[in-house]
Every structure is written in structure tokens, then in C-alpha cells.
file final.pdb (PDB, C-alpha atoms and all ligand atoms)
MODEL        1
ATOM      1  CA  MET A   1       0.000   0.000   0.000
ATOM      2  CA  ILE A   2       2.703   2.531   0.912
ATOM      3  CA  ASP A   3       5.340   0.887  -1.266
ATOM      4  CA  PHE A   4       8.213   1.116   1.262
ATOM      5  CA  THR A   5      11.343  -0.242  -0.384
ATOM      6  CA  VAL A   6      14.983  -0.259   0.668
ATOM      7  CA  ASN A   7      18.067  -0.598  -1.485
ATOM      8  CA  THR A   8      19.896  -3.113   0.686
ATOM      9  CA  VAL A   9      23.125  -2.590  -1.282
ATOM     10  CA  THR A  10      23.449   1.119  -0.410
ATOM     11  CA  CYS A  11      21.624   1.078   2.956
ATOM     12  CA  THR A  12      24.207   1.406   5.745
ATOM     13  CA  LYS A  13      21.737   0.197   8.406
ATOM     14  CA  CYS A  14      22.301   3.454  10.274
ATOM     15  CA  GLY A  15      18.755   3.333  11.656
ATOM     16  CA  LEU A  16      18.080   7.067  11.107
ATOM     17  CA  CYS A  17      14.852   6.317   9.251
ATOM     18  CA  ALA A  18      13.472   4.284  12.152
ATOM     19  CA  ALA A  19      14.598   6.850  14.713
ATOM     20  CA  ASP A  20      12.969   9.759  12.831
ATOM     21  CA  CYS A  21       9.688   8.072  11.920
ATOM     22  CA  PRO A  22       6.966   9.967  13.879
ATOM     23  CA  ALA A  23       4.606   6.981  13.670
ATOM     24  CA  ARG A  24       7.418   4.686  14.924
ATOM     25  CA  ILE A  25       6.482   1.971  12.463
ATOM     26  CA  ILE A  26       9.907   1.265  10.935
ATOM     27  CA  SER A  27      11.640  -1.661  12.544
ATOM     28  CA  LEU A  28      15.221  -2.725  11.914
ATOM     29  CA  ASP A  29      15.148  -6.325  10.860
ATOM     30  CA  GLY A  30      18.767  -7.421  11.225
ATOM     31  CA  GLY A  31      19.558  -3.728  10.633
ATOM     32  CA  ASN A  32      17.412  -3.525   7.497
ATOM     33  CA  PRO A  33      14.542  -1.028   7.720
ATOM     34  CA  ARG A  34      11.135  -2.592   7.282
ATOM     35  CA  ILE A  35       7.495  -1.699   7.846
ATOM     36  CA  ALA A  36       5.284  -4.617   8.846
ATOM     37  CA  PRO A  37       2.195  -4.849   6.577
ATOM     38  CA  GLU A  38      -0.208  -4.406   9.494
ATOM     39  CA  LYS A  39       1.544  -1.131  10.452
ATOM     40  CA  GLU A  40       1.363   0.470   7.018
ATOM     41  CA  VAL A  41      -2.004   1.974   7.850
ATOM     42  CA  LEU A  42      -0.336   4.034  10.600
ATOM     43  CA  CYS A  43       2.066   5.731   8.170
ATOM     44  CA  TYR A  44       1.726   9.575   8.195
ATOM     45  CA  LYS A  45       2.984   9.669   4.590
ATOM     46  CA  CYS A  46       5.310  12.461   5.766
ATOM     47  CA  GLN A  47       8.347  11.048   3.910
ATOM     48  CA  HIS A  48      10.687  11.675   6.852
ATOM     49  CA  CYS A  49      12.301   8.295   6.128
ATOM     50  CA  LEU A  50      12.989   9.215   2.503
ATOM     51  CA  THR A  51      14.337  12.671   3.369
ATOM     52  CA  VAL A  52      16.541  11.683   6.322
ATOM     53  CA  CYS A  53      18.329   8.769   4.625
ATOM     54  CA  PRO A  54      21.951   9.861   4.012
ATOM     55  CA  THR A  55      22.507   7.342   1.214
ATOM     56  CA  ALA A  56      19.248   7.786  -0.726
ATOM     57  CA  SER A  57      18.409   4.140  -0.122
ATOM     58  CA  LEU A  58      14.732   4.506   0.737
ATOM     59  CA  SER A  59      11.692   4.846  -1.423
ATOM     60  CA  ILE A  60       8.148   5.220  -0.164
ATOM     61  CA  LEU A  61       4.779   5.937  -1.820
ATOM     62  CA  GLY A  62       6.455   5.293  -5.150
ATOM     63  CA  LEU A  63       8.712   8.326  -4.667
ATOM     64  CA  GLN A  64      12.404   8.168  -5.523
ATOM     65  CA  PRO A  65      14.976  10.177  -3.488
ATOM     66  CA  CYS A  66      16.624  11.430  -6.695
ATOM     67  CA  ASN A  67      13.501  13.489  -7.412
ATOM     68  CA  SER A  68      13.817  15.501  -4.172
ATOM     69  CA  LEU A  69      15.683  18.821  -4.027
ATOM     70  CA  SER A  70      19.080  18.320  -2.434
ATOM     71  CA  LEU A  71      19.728  20.063   0.886
ATOM     72  CA  ALA A  72      23.484  19.627   0.566
ATOM     73  CA  GLY A  73      23.940  23.352  -0.119
ATOM     74  CA  GLY A  74      21.997  24.290   3.022
ATOM     75  CA  LEU A  75      18.846  26.384   3.403
ATOM     76  CA  PRO A  76      18.680  30.152   2.665
ATOM     77  CA  ASP A  77      20.814  32.016   5.199
ATOM     78  CA  SER A  78      19.236  33.772   8.167
ATOM     79  CA  ALA A  79      19.980  37.272   6.821
ATOM     80  CA  SER A  80      18.065  36.494   3.610
ATOM     81  CA  MET A  81      15.154  35.078   5.571
ATOM     82  CA  GLU A  82      15.109  38.044   7.958
ATOM     83  CA  LEU A  83      14.999  40.440   5.005
ATOM     84  CA  LEU A  84      12.220  38.433   3.381
ATOM     85  CA  ILE A  85      10.114  38.365   6.544
ATOM     86  CA  LYS A  86      10.705  42.013   7.462
ATOM     87  CA  GLY A  87      10.467  43.270   3.874
ATOM     88  CA  ARG A  88       7.072  41.681   3.192
ATOM     89  CA  ARG A  89       4.224  44.197   3.074
ATOM     90  CA  ALA A  90       0.495  44.103   2.498
ATOM     91  CA  VAL A  91       0.199  45.252  -1.113
ATOM     92  CA  ARG A  92      -2.892  47.308  -1.969
ATOM     93  CA  LYS A  93      -1.872  48.611  -5.394
ATOM     94  CA  TYR A  94      -1.548  46.249  -8.330
ATOM     95  CA  LYS A  95      -0.607  46.346 -11.976
ATOM     96  CA  THR A  96      -3.398  45.392 -14.336
ATOM     97  CA  GLU A  97      -1.739  42.366 -15.945
ATOM     98  CA  ASN A  98      -2.322  38.828 -14.763
ATOM     99  CA  VAL A  99       0.412  36.702 -13.243
ATOM    100  CA  GLU A 100       1.276  33.961 -15.748
ATOM    101  CA  PRO A 101      -0.558  30.646 -15.111
ATOM    102  CA  GLU A 102       2.763  28.756 -14.768
ATOM    103  CA  THR A 103       3.889  31.147 -12.023
ATOM    104  CA  ILE A 104       0.591  30.764 -10.156
ATOM    105  CA  ALA A 105       0.941  26.991 -10.442
ATOM    106  CA  GLN A 106       4.497  27.216  -9.087
ATOM    107  CA  LEU A 107       3.338  29.348  -6.127
ATOM    108  CA  LEU A 108       0.615  26.857  -5.268
ATOM    109  CA  SER A 109       2.910  23.907  -5.648
ATOM    110  CA  VAL A 110       5.460  25.384  -3.222
ATOM    111  CA  ALA A 111       2.670  26.356  -0.782
ATOM    112  CA  SER A 112       1.643  22.693  -0.778
ATOM    113  CA  HIS A 113       4.864  21.994   1.143
ATOM    114  CA  ALA A 114       3.479  23.824   4.178
ATOM    115  CA  PRO A 115       2.968  21.559   7.162
ATOM    116  CA  SER A 116      -0.497  20.303   8.063
ATOM    117  CA  GLY A 117      -1.927  18.686  11.167
ATOM    118  CA  LYS A 118      -1.274  14.935  11.106
ATOM    119  CA  ASN A 119       0.071  15.552   7.614
ATOM    120  CA  ASP A 120      -3.553  15.416   6.483
ATOM    121  CA  ARG A 121      -2.867  17.529   3.381
ATOM    122  CA  GLN A 122      -6.497  17.986   2.432
ATOM    123  CA  LEU A 123      -6.300  21.629   1.437
ATOM    124  CA  ARG A 124      -8.101  22.988  -1.558
ATOM    125  CA  PHE A 125      -6.844  26.182  -3.184
ATOM    126  CA  THR A 126      -9.667  28.037  -4.897
ATOM    127  CA  VAL A 127      -8.036  30.474  -7.304
ATOM    128  CA  VAL A 128      -9.333  33.270  -9.489
ATOM    129  CA  ASP A 129      -6.548  33.365 -12.056
ATOM    130  CA  ASP A 130      -7.803  36.113 -14.337
ATOM    131  CA  ARG A 131      -8.503  39.786 -13.679
ATOM    132  CA  ALA A 132     -11.578  39.781 -15.941
ATOM    133  CA  LYS A 133     -13.144  36.976 -13.880
ATOM    134  CA  LEU A 134     -12.383  38.771 -10.614
ATOM    135  CA  ASP A 135     -13.868  41.998 -12.003
ATOM    136  CA  VAL A 136     -17.154  40.176 -12.607
ATOM    137  CA  ILE A 137     -17.150  38.652  -9.116
ATOM    138  CA  ARG A 138     -16.293  42.014  -7.533
ATOM    139  CA  ASP A 139     -19.159  43.706  -9.362
ATOM    140  CA  GLU A 140     -21.599  40.998  -8.259
ATOM    141  CA  ILE A 141     -20.438  41.375  -4.650
ATOM    142  CA  MET A 142     -20.677  45.160  -4.760
ATOM    143  CA  VAL A 143     -24.242  45.079  -6.097
ATOM    144  CA  LYS A 144     -25.233  42.926  -3.115
ATOM    145  CA  LEU A 145     -23.322  45.008  -0.571
ATOM    146  CA  VAL A 146     -24.833  48.246  -1.882
ATOM    147  CA  ALA A 147     -28.282  46.640  -1.627
ATOM    148  CA  ILE A 148     -27.638  45.664   2.006
ATOM    149  CA  ALA A 149     -26.332  49.172   2.773
ATOM    150  CA  GLN A 150     -29.443  50.743   1.261
ATOM    151  CA  GLY A 151     -31.799  48.166   2.760
ATOM    152  CA  THR A 152     -31.550  46.301   6.043
ATOM    153  CA  GLY A 153     -28.069  47.547   6.857
ATOM    154  CA  PHE A 154     -25.172  45.307   7.903
ATOM    155  CA  PRO A 155     -25.536  42.846  10.766
ATOM    156  CA  ALA A 156     -24.058  43.504  14.185
ATOM    157  CA  GLY A 157     -20.300  43.346  14.123
ATOM    158  CA  MET A 158     -20.180  44.101  10.401
ATOM    159  CA  GLU A 159     -21.393  47.701  10.454
ATOM    160  CA  PHE A 160     -17.956  48.811   9.222
ATOM    161  CA  PHE A 161     -18.955  47.515   5.765
ATOM    162  CA  ALA A 162     -21.218  50.586   5.426
ATOM    163  CA  GLY A 163     -18.117  52.819   5.370
ATOM    164  CA  CYS A 164     -16.406  50.490   2.878
ATOM    165  CA  VAL A 165     -19.423  50.644   0.568
ATOM    166  CA  ARG A 166     -19.377  54.456   0.722
ATOM    167  CA  GLN A 167     -15.680  54.403  -0.303
ATOM    168  CA  TRP A 168     -16.629  52.251  -3.273
ATOM    169  CA  GLU A 169     -19.543  54.451  -4.295
ATOM    170  CA  ILE A 170     -17.721  57.760  -3.903
ATOM    171  CA  ASP A 171     -14.122  56.966  -4.875
ATOM    172  CA  GLY A 172     -14.411  53.550  -6.533
ATOM    173  CA  ILE A 173     -12.073  52.060  -3.925
ATOM    174  CA  ASP A 174     -12.043  48.279  -4.247
ATOM    175  CA  PHE A 175     -11.930  47.340  -0.577
ATOM    176  CA  VAL A 176     -12.781  43.703  -1.354
ATOM    177  CA  PHE A 177      -9.843  42.709  -3.554
ATOM    178  CA  ARG A 178      -7.671  45.847  -3.314
ATOM    179  CA  GLY A 179      -7.423  46.066  -7.083
ATOM    180  CA  ALA A 180      -5.540  42.758  -7.335
ATOM    181  CA  PRO A 181      -6.036  40.599 -10.423
ATOM    182  CA  HIS A 182      -6.080  37.349  -8.445
ATOM    183  CA  PHE A 183      -7.814  35.922  -5.430
ATOM    184  CA  LEU A 184      -7.113  32.798  -3.452
ATOM    185  CA  VAL A 185      -9.195  31.040  -0.801
ATOM    186  CA  VAL A 186      -7.810  28.079   1.092
ATOM    187  CA  SER A 187     -10.294  25.625   2.521
ATOM    188  CA  ALA A 188     -10.316  22.093   3.894
ATOM    189  CA  PRO A 189     -12.921  19.570   5.043
ATOM    190  CA  LYS A 190     -14.324  20.564   8.442
ATOM    191  CA  SER A 191     -13.866  16.938   9.484
ATOM    192  CA  ILE A 192     -10.041  17.005   9.569
ATOM    193  CA  VAL A 193      -8.125  17.920  12.727
ATOM    194  CA  THR A 194      -6.846  21.358  11.737
ATOM    195  CA  PRO A 195      -8.668  22.676   8.647
ATOM    196  CA  VAL A 196      -8.320  26.386   9.456
ATOM    197  CA  GLU A 197      -4.794  26.187  10.834
ATOM    198  CA  ASP A 198      -3.586  24.250   7.785
ATOM    199  CA  GLY A 199      -5.039  26.921   5.512
ATOM    200  CA  LEU A 200      -3.448  29.785   7.422
ATOM    201  CA  ILE A 201      -0.035  28.143   7.354
ATOM    202  CA  ALA A 202      -0.344  27.436   3.628
ATOM    203  CA  LEU A 203      -1.228  31.065   2.918
ATOM    204  CA  SER A 204       1.692  32.328   5.019
ATOM    205  CA  THR A 205       3.957  30.044   3.029
ATOM    206  CA  PHE A 206       2.389  31.174  -0.246
ATOM    207  CA  GLU A 207       2.834  34.819   0.705
ATOM    208  CA  LEU A 208       6.499  34.586   1.644
ATOM    209  CA  TYR A 209       7.415  32.614  -1.449
ATOM    210  CA  ALA A 210       5.424  35.036  -3.624
ATOM    211  CA  GLN A 211       7.638  37.910  -2.411
ATOM    212  CA  THR A 212      10.731  36.139  -3.692
ATOM    213  CA  LEU A 213       9.187  36.168  -7.193
ATOM    214  CA  GLY A 214       8.279  39.852  -6.868
ATOM    215  CA  ILE A 215       4.572  39.078  -6.465
ATOM    216  CA  GLY A 216       2.582  41.098  -3.944
ATOM    217  CA  THR A 217      -0.112  39.736  -1.644
ATOM    218  CA  VAL A 218      -2.644  41.016   0.845
ATOM    219  CA  TRP A 219      -4.452  38.968   3.466
ATOM    220  CA  ASP A 220      -8.094  39.494   2.686
ATOM    221  CA  GLY A 221     -10.203  39.475   5.826
ATOM    222  CA  LEU A 222     -12.977  41.515   4.245
ATOM    223  CA  ALA A 223     -13.400  39.049   1.389
ATOM    224  CA  LYS A 224     -13.289  36.200   3.882
ATOM    225  CA  PHE A 225     -16.088  37.767   5.939
ATOM    226  CA  ILE A 226     -18.119  38.326   2.779
ATOM    227  CA  ILE A 227     -17.740  34.780   1.474
ATOM    228  CA  GLY A 228     -17.832  33.034   4.827
ATOM    229  CA  ASP A 229     -20.516  35.011   6.636
ATOM    230  CA  LEU A 230     -22.197  37.928   4.932
ATOM    231  CA  LEU A 231     -22.881  36.553   1.443
ATOM    232  CA  PRO A 232     -22.386  32.776   1.708
ATOM    233  CA  GLU A 233     -23.787  32.352  -1.805
ATOM    234  CA  PHE A 234     -20.321  33.434  -2.981
ATOM    235  CA  LYS A 235     -18.821  30.393  -1.265
ATOM    236  CA  VAL A 236     -21.011  28.399  -3.659
ATOM    237  CA  ARG A 237     -20.263  30.785  -6.561
ATOM    238  CA  LEU A 238     -16.522  30.173  -6.101
ATOM    239  CA  GLY A 239     -17.031  26.421  -5.939
ATOM    240  CA  ILE A 240     -15.877  26.005  -2.346
ATOM    241  CA  PRO A 241     -17.426  22.770  -1.035
ATOM    242  CA  ASP A 242     -20.141  23.233   1.572
ATOM    243  CA  ASP A 243     -18.439  20.886   4.029
ATOM    244  CA  HIS A 244     -15.197  22.893   3.878
ATOM    245  CA  ALA A 245     -13.997  25.354   6.498
ATOM    246  CA  ILE A 246     -12.375  28.448   5.030
ATOM    247  CA  GLY A 247      -8.806  28.882   6.271
ATOM    248  CA  TYR A 248      -8.424  32.394   4.939
ATOM    249  CA  ALA A 249      -8.362  34.448   1.763
ATOM    250  CA  MET A 250      -5.625  36.384  -0.016
ATOM    251  CA  ALA A 251      -5.473  38.674  -3.044
ATOM    252  CA  PHE A 252      -2.293  38.790  -5.123
ATOM    253  CA  GLY A 253      -0.679  40.052  -8.292
ATOM    254  CA  TRP A 254       2.220  42.129  -9.631
ATOM    255  CA  PRO A 255       2.592  45.087  -7.267
ATOM    256  CA  ALA A 256       2.285  48.675  -8.499
ATOM    257  CA  VAL A 257       4.140  49.862  -5.401
ATOM    258  CA  GLN A 258       7.693  49.149  -4.245
ATOM    259  CA  TYR A 259       8.956  49.469  -0.702
ATOM    260  CA  THR A 260      12.406  50.867  -0.099
ATOM    261  CA  ARG A 261      12.965  49.751   3.478
ATOM    262  CA  THR A 262      11.539  47.554   6.175
ATOM    263  CA  ALA A 263       9.083  48.633   8.872
ATOM    264  CA  GLN A 264      10.424  48.980  12.393
ATOM    265  CA  ARG A 265       8.445  46.985  14.869
ATOM    266  CA  GLU A 266       8.719  46.440  18.562
ATOM    267  CA  PRO A 267       8.802  42.739  19.409
ATOM    268  CA  ASP A 268       5.465  41.300  20.506
ATOM    269  CA  ALA A 269       4.866  40.628  24.183
ATOM    270  CA  VAL A 270       6.906  37.696  25.416
ATOM    271  CA  HIS A 271       6.196  35.836  28.598
ATOM    272  CA  TYR A 272       8.980  33.559  29.771
ATOM    273  CA  VAL A 273       7.837  30.877  32.176
TER     274      VAL A 273
HETATM  275  C1  LIG A 301      -5.778  38.028   9.127
HETATM  276  C2  LIG A 301      -5.545  39.291   8.333
HETATM  277  C3  LIG A 301      -6.598  39.894   7.664
HETATM  278  C4  LIG A 301      -6.382  41.031   6.896
HETATM  279  N1  LIG A 301      -7.410  41.573   6.178
HETATM  280  C5  LIG A 301      -7.163  42.644   5.390
HETATM  281  C6  LIG A 301      -8.194  43.170   4.548
HETATM  282  O1  LIG A 301      -9.314  42.694   4.522
HETATM  283  N2  LIG A 301      -7.901  44.226   3.748
HETATM  284  C7  LIG A 301      -6.645  44.799   3.751
HETATM  285  O2  LIG A 301      -6.423  45.755   3.024
HETATM  286  N3  LIG A 301      -5.647  44.322   4.540
HETATM  287  C8  LIG A 301      -5.879  43.264   5.330
HETATM  288  N4  LIG A 301      -4.868  42.730   6.103
HETATM  289  C9  LIG A 301      -3.534  43.349   6.062
HETATM  290  C10 LIG A 301      -3.175  44.046   7.356
HETATM  291  O3  LIG A 301      -3.886  45.237   7.474
HETATM  292  C11 LIG A 301      -1.674  44.271   7.345
HETATM  293  O4  LIG A 301      -1.042  43.020   7.349
HETATM  294  C12 LIG A 301      -1.198  45.085   8.519
HETATM  295  O5  LIG A 301      -1.695  46.401   8.428
HETATM  296  C13 LIG A 301       0.321  45.155   8.590
HETATM  297  O6  LIG A 301       0.877  45.639   7.372
HETATM  298  P1  LIG A 301       1.922  44.766   6.567
HETATM  299  O7  LIG A 301       1.259  43.455   6.211
HETATM  300  O8  LIG A 301       2.259  45.573   5.372
HETATM  301  O9  LIG A 301       3.109  44.532   7.450
HETATM  302  C14 LIG A 301      -5.080  41.613   6.880
HETATM  303  C15 LIG A 301      -4.040  40.994   7.557
HETATM  304  C16 LIG A 301      -4.261  39.848   8.282
HETATM  305  C17 LIG A 301      -3.098  39.197   8.968
ENDMDL
END
call {"tool": "encode", "arguments": {"input": "final.pdb", "output": "C-alpha cells"}}
result
Amino acid sequence: MIDFTVNTVTCTKCGLCAADCPARIISLDGGNPRIAPEKEVLCYKCQHCLTVCPTASLSILGLQPCNSLSLAGGLPDSASMELLIKGRRAVRKYKTENVEPETIAQLLSVASHAPSGKNDRQLRFTVVDDRAKLDVIRDEIMVKLVAIAQGTGFPAGMEFFAGCVRQWEIDGIDFVFRGAPHFLVVSAPKSIVTPVEDGLIALSTFELYAQTLGIGTVWDGLAKFIIGDLLPEFKVRLGIPDDHAIGYAMAFGWPAVQYTRTAQREPDAVHYV
């Protein structure tokens, strides 16, 4: 079922795979790693065994070690990561052109490497990949929001939408998607252990990687409220399954603003026990 195979010629019987297996299902049979058939069902499918093996002797789930990226050169250095984290900004001005489909696919594929609870990996990325499509959706949303503003008014806790609608009517400010050409909602079945957390982590991963390609992002709480609470028909309109919890939403595209330096922030409160 999980296709766990060992190259017994190159395997040094070091036992690292067994020691690192979070499900503790790899036994060392005379030094040779093995997973008993009845334990296969317990496998997290996390591939720790494949990635920890120093001699590329392990294959699992039909995956070959030669198809992994090598970590021999090390990870990005801390200064690069610090700059990436501190240099990231919420982008609210976008160029008109779409991000190329291959680049969007690459972003999503890297975001899929984000960790998930129990390695469940049940996320679904709902993507609007074309500005023209998002324009239509925005207009549909605005018609409904204007109607609410002029009719019953917004429900308790969402009164701030009235001010947003005024901005739209007076200045044409797109408070829903911030003028971005693309929109992304991450969702997962409500039945898994961590559907919302998995989505948030995936979007954080997506956002940081996007910066390295020069693509801007903005976390989109307003759109999330609209789709998740205020106008749930748009959850259906976007094709998000009814039994899915929304992790969060994000708009993205090529930025029409560049930042010259990082913000200066005080560290958050820390409580040492
Ligand atoms: C959960 C979350 C929801 C957000 N929702 C919105 C939003 O609906 N519209 C918006 O323009 N910015 C939104 N933002 C962006 C924040 O306002 C922004 O991250 C914050 O002001 C700090 O700025 P920075 O991201 O440039 O560092 C959101 C951010 C987070 C983390």
C-alpha cells in the first residue's frame, strides 16, 4: 500500500529512518529497515524516512529520493530570511496584468509543502486566475453590498462595511480585492483535525514565497467575511465545497508599489515561564 522499499546494497543500516519516523512503524530487521504490513495503515505519509536517509536508499509511496531537491547546499541564510520576513508588506496597489498561469501553479505547488496537522494535506486552493473573472465577481459582490447598505443595513459586528461601501460608491475604492487581479481562498474539510490552521499556514507560506518572485499579496479578511458570513452564496459561486472550512483568503498580483525599506516593529509581548 505505501510501497516502502529499501536498497539493501546502499543502505548502511544506520537506523536514522526508524529513529525519525513519527509513527514509529519502521523496525530494523537485522539492521534492514522494514514496515510490517499491518503497520502500514499508521504511516503519516510524511516522507521523513525518505528525506533523512543519508545514502538515498529509501523509497516510499512510489517516490524516488533522486527526485527531491538536495539540501546539501543548506537552506537560505538567516539574513536572507530576515529580510524576506521584514520586507514583506500588504500590497494594496496592483498592476493590471495577470500573473502567468505557470507562475501561479508554481506558487501553489510550493505552498503545498506547508505543514499540516497529522500531515492530512487535504487543502483545496480556490483560485481566481484572471482579472476579468475577478472583475465580474467584484461587481456581483458590490451590487449585493450596496443593496444591504441601502436596505436592512449590515448585521451587528459588520457595520464597518457601510463605510467600505461608501468608499466604493464615492471613490471607486475596491476594498474587497484591493485592485488585485487574483484571489485565493484556502479551505479544507471541516472533518479534519486542523482545517483552518492548515489553511493559514499554507497562505503564510504562499505569501512569503510570492515575495521572492516579486509578487505582492494582501491577506483578505474583508473578502473572507463576505464569502464566509455575509454573502455565503459566494462560497457556492466560487465552488468552495459546503463541508469545507475556510482557512483564509488572499489577493495577489504584480505590485504597483515598491517598498524601499523595512518597517520597524517592537517585538510582541513575550512571557517567559
Ligand atoms: C488576518 C488578516 C486579515 C487582513 N485583512 C485585510 C483586509 O481585509 N484588507 C486589507 O487591506 N488588509 C488586510 N490585512 C492586512 C493588514 O492590514 C496588514 O497586514 C497590517 O496592516 C500590517 O501591514 P503589513 O502586512 O504591510 O506589514 C489583513 C491581515 C491579516 C493578517
call {"tool": "atom_distance", "arguments": {"input": "final.pdb", "atom1": "CA of Leu16 in chain A", "atom2": "CA of Cys53 in chain A"}}
result
6.7 Å
call {"tool": "resolve_selection", "arguments": {"input": "final.pdb", "expression": "the PyMOL selection byres (((chain A and resi 141-143) around 9) and not hetatm)", "output": "PyMOL selection string"}}
result
chain A and resi 136-140+144-148+165+168+176+226+231+234
call {"tool": "residues_near_ligand", "arguments": {"input": "final.pdb", "ligand": "ligand LIG 301 (chain A)", "cutoff": "7 Å", "atoms": "only C-alpha atoms and all ligand atoms", "output": "JSON, numbers by chain"}}
result
{"A": [88, 89, 90, 91, 92, 175, 176, 178, 218, 219, 220, 221, 222, 223]}
call {"tool": "closest_atom_pairs", "arguments": {"input": "final.pdb", "of": "range 198-246 of chain A", "to": "range 100-121 of chain A", "cutoff": "10 Å", "atoms": "all atoms listed in the file", "output": "tab-separated table"}}
result
residue	atom	partner	partner_atom	distance
A:Asp198	CA	A:Ser116	CA	5.0
A:Gly199	CA	A:Ser116	CA	8.4
A:Leu200	CA	A:Ala114	CA	9.7
A:Ile201	CA	A:Ala114	CA	6.4
A:Ala202	CA	A:Ala114	CA	5.3
A:Leu203	CA	A:Ala111	CA	7.1
A:Ser204	CA	A:Ala111	CA	8.4
A:Thr205	CA	A:Ala111	CA	5.5
A:Phe206	CA	A:Ala111	CA	4.9
A:Glu207	CA	A:Ala111	CA	8.6
A:Leu208	CA	A:Ala111	CA	9.4
A:Tyr209	CA	A:Leu107	CA	7.0
A:Ala210	CA	A:Leu107	CA	6.6
A:Leu213	CA	A:Thr103	CA	8.8
A:Ile215	CA	A:Thr103	CA	9.7
call {"tool": "residues_around", "arguments": {"input": "final.pdb", "residues": "Pro37 in chain A", "least_positions_apart": "3", "cutoff": "12 Å", "atoms": "only C-alpha atoms", "output": "MDAnalysis selection string"}}
result
chainID A and resid 1:4 25:27 34 40:43
call {"tool": "closest_residue", "arguments": {"input": "final.pdb", "among": "A:Pro267, A:Gly247, A:Pro33, A:Pro232", "to": "Thr12 in chain A", "atoms": "all atoms listed in the file"}}
result
A:Pro33
call {"tool": "resolve_selection", "arguments": {"input": "final.pdb", "expression": "the PyMOL selection byres (((chain A and resi 240) around 10) and not hetatm)", "output": "PyMOL selection string"}}
result
chain A and resi 124-126+185-188+227+234-239+241-246
call {"tool": "residues_around", "arguments": {"input": "final.pdb", "residues": "Pro181 in chain A", "least_positions_apart": "6", "cutoff": "7 Å", "atoms": "only C-alpha atoms", "output": "list in words"}}
result
Thr96, Asn98, Asp130, Arg131, Leu134, Phe252 and Gly253 of chain A
call {"tool": "resolve_selection", "arguments": {"input": "final.pdb", "expression": "the PyMOL selection byres (((chain A and resi 29) around 12) and not hetatm)", "output": "list of chain:residue names"}}
result
A:Val6, A:Thr8, A:Lys13, A:Gly15, A:Ala18, A:Ile26, A:Ser27, A:Leu28, A:Gly30, A:Gly31, A:Asn32, A:Pro33, A:Arg34, A:Ile35, A:Ala36
call {"tool": "atom_distance", "arguments": {"input": "final.pdb", "atom1": "CA of Thr10 in chain A", "atom2": "CA of Ala56 in chain A"}}
result
7.9 Å
call {"tool": "atom_distance", "arguments": {"input": "final.pdb", "atom1": "CA of Val52 in chain A", "atom2": "CA of Ser80 in chain A"}}
result
25.0 Å
call {"tool": "residues_near_point", "arguments": {"input": "final.pdb", "point": "(16.5, 19.4, 0.0)", "cutoff": "12 Å", "atoms": "all atoms listed in the file", "output": "list in words"}}
result
His48, Leu50, Thr51, Val52, Cys53, Pro54, Ala56, Pro65, Cys66, Asn67, Ser68, Leu69, Ser70, Leu71, Ala72, Gly73, Gly74, Leu75, Pro76 and His113 of chain A
call {"tool": "residues_around", "arguments": {"input": "final.pdb", "residues": "Leu83 in chain A", "least_positions_apart": "4", "cutoff": "10 Å", "atoms": "only C-alpha atoms", "output": "list in words"}}
result
Ser78, Ala79, Gly87, Arg88, Arg261 and Thr262 of chain A
call {"tool": "closest_residue", "arguments": {"input": "final.pdb", "among": "A:Gln122, A:Thr152, A:Thr260, A:Thr55", "to": "Val193 in chain A", "atoms": "only C-alpha atoms"}}
result
A:Gln122
call {"tool": "decode", "arguments": {"input": "final.pdb", "residues": "range 5-35 of chain A", "atoms": "C-alpha atoms", "output": "PDB file, in the first residue's frame"}}
result
ATOM      1  CA  THR A   5      11.343  -0.242  -0.384  1.00  0.00           C
ATOM      2  CA  VAL A   6      14.983  -0.259   0.668  1.00  0.00           C
ATOM      3  CA  ASN A   7      18.067  -0.598  -1.485  1.00  0.00           C
ATOM      4  CA  THR A   8      19.896  -3.113   0.686  1.00  0.00           C
ATOM      5  CA  VAL A   9      23.125  -2.590  -1.282  1.00  0.00           C
ATOM      6  CA  THR A  10      23.449   1.119  -0.410  1.00  0.00           C
ATOM      7  CA  CYS A  11      21.624   1.078   2.956  1.00  0.00           C
ATOM      8  CA  THR A  12      24.207   1.406   5.745  1.00  0.00           C
ATOM      9  CA  LYS A  13      21.737   0.197   8.406  1.00  0.00           C
ATOM     10  CA  CYS A  14      22.301   3.454  10.274  1.00  0.00           C
ATOM     11  CA  GLY A  15      18.755   3.333  11.656  1.00  0.00           C
ATOM     12  CA  LEU A  16      18.080   7.067  11.107  1.00  0.00           C
ATOM     13  CA  CYS A  17      14.852   6.317   9.251  1.00  0.00           C
ATOM     14  CA  ALA A  18      13.472   4.284  12.152  1.00  0.00           C
ATOM     15  CA  ALA A  19      14.598   6.850  14.713  1.00  0.00           C
ATOM     16  CA  ASP A  20      12.969   9.759  12.831  1.00  0.00           C
ATOM     17  CA  CYS A  21       9.688   8.072  11.920  1.00  0.00           C
ATOM     18  CA  PRO A  22       6.966   9.967  13.879  1.00  0.00           C
ATOM     19  CA  ALA A  23       4.606   6.981  13.670  1.00  0.00           C
ATOM     20  CA  ARG A  24       7.418   4.686  14.924  1.00  0.00           C
ATOM     21  CA  ILE A  25       6.482   1.971  12.463  1.00  0.00           C
ATOM     22  CA  ILE A  26       9.907   1.265  10.935  1.00  0.00           C
ATOM     23  CA  SER A  27      11.640  -1.661  12.544  1.00  0.00           C
ATOM     24  CA  LEU A  28      15.221  -2.725  11.914  1.00  0.00           C
ATOM     25  CA  ASP A  29      15.148  -6.325  10.860  1.00  0.00           C
ATOM     26  CA  GLY A  30      18.767  -7.421  11.225  1.00  0.00           C
ATOM     27  CA  GLY A  31      19.558  -3.728  10.633  1.00  0.00           C
ATOM     28  CA  ASN A  32      17.412  -3.525   7.497  1.00  0.00           C
ATOM     29  CA  PRO A  33      14.542  -1.028   7.720  1.00  0.00           C
ATOM     30  CA  ARG A  34      11.135  -2.592   7.282  1.00  0.00           C
ATOM     31  CA  ILE A  35       7.495  -1.699   7.846  1.00  0.00           C
TER      32      ILE A  35
END
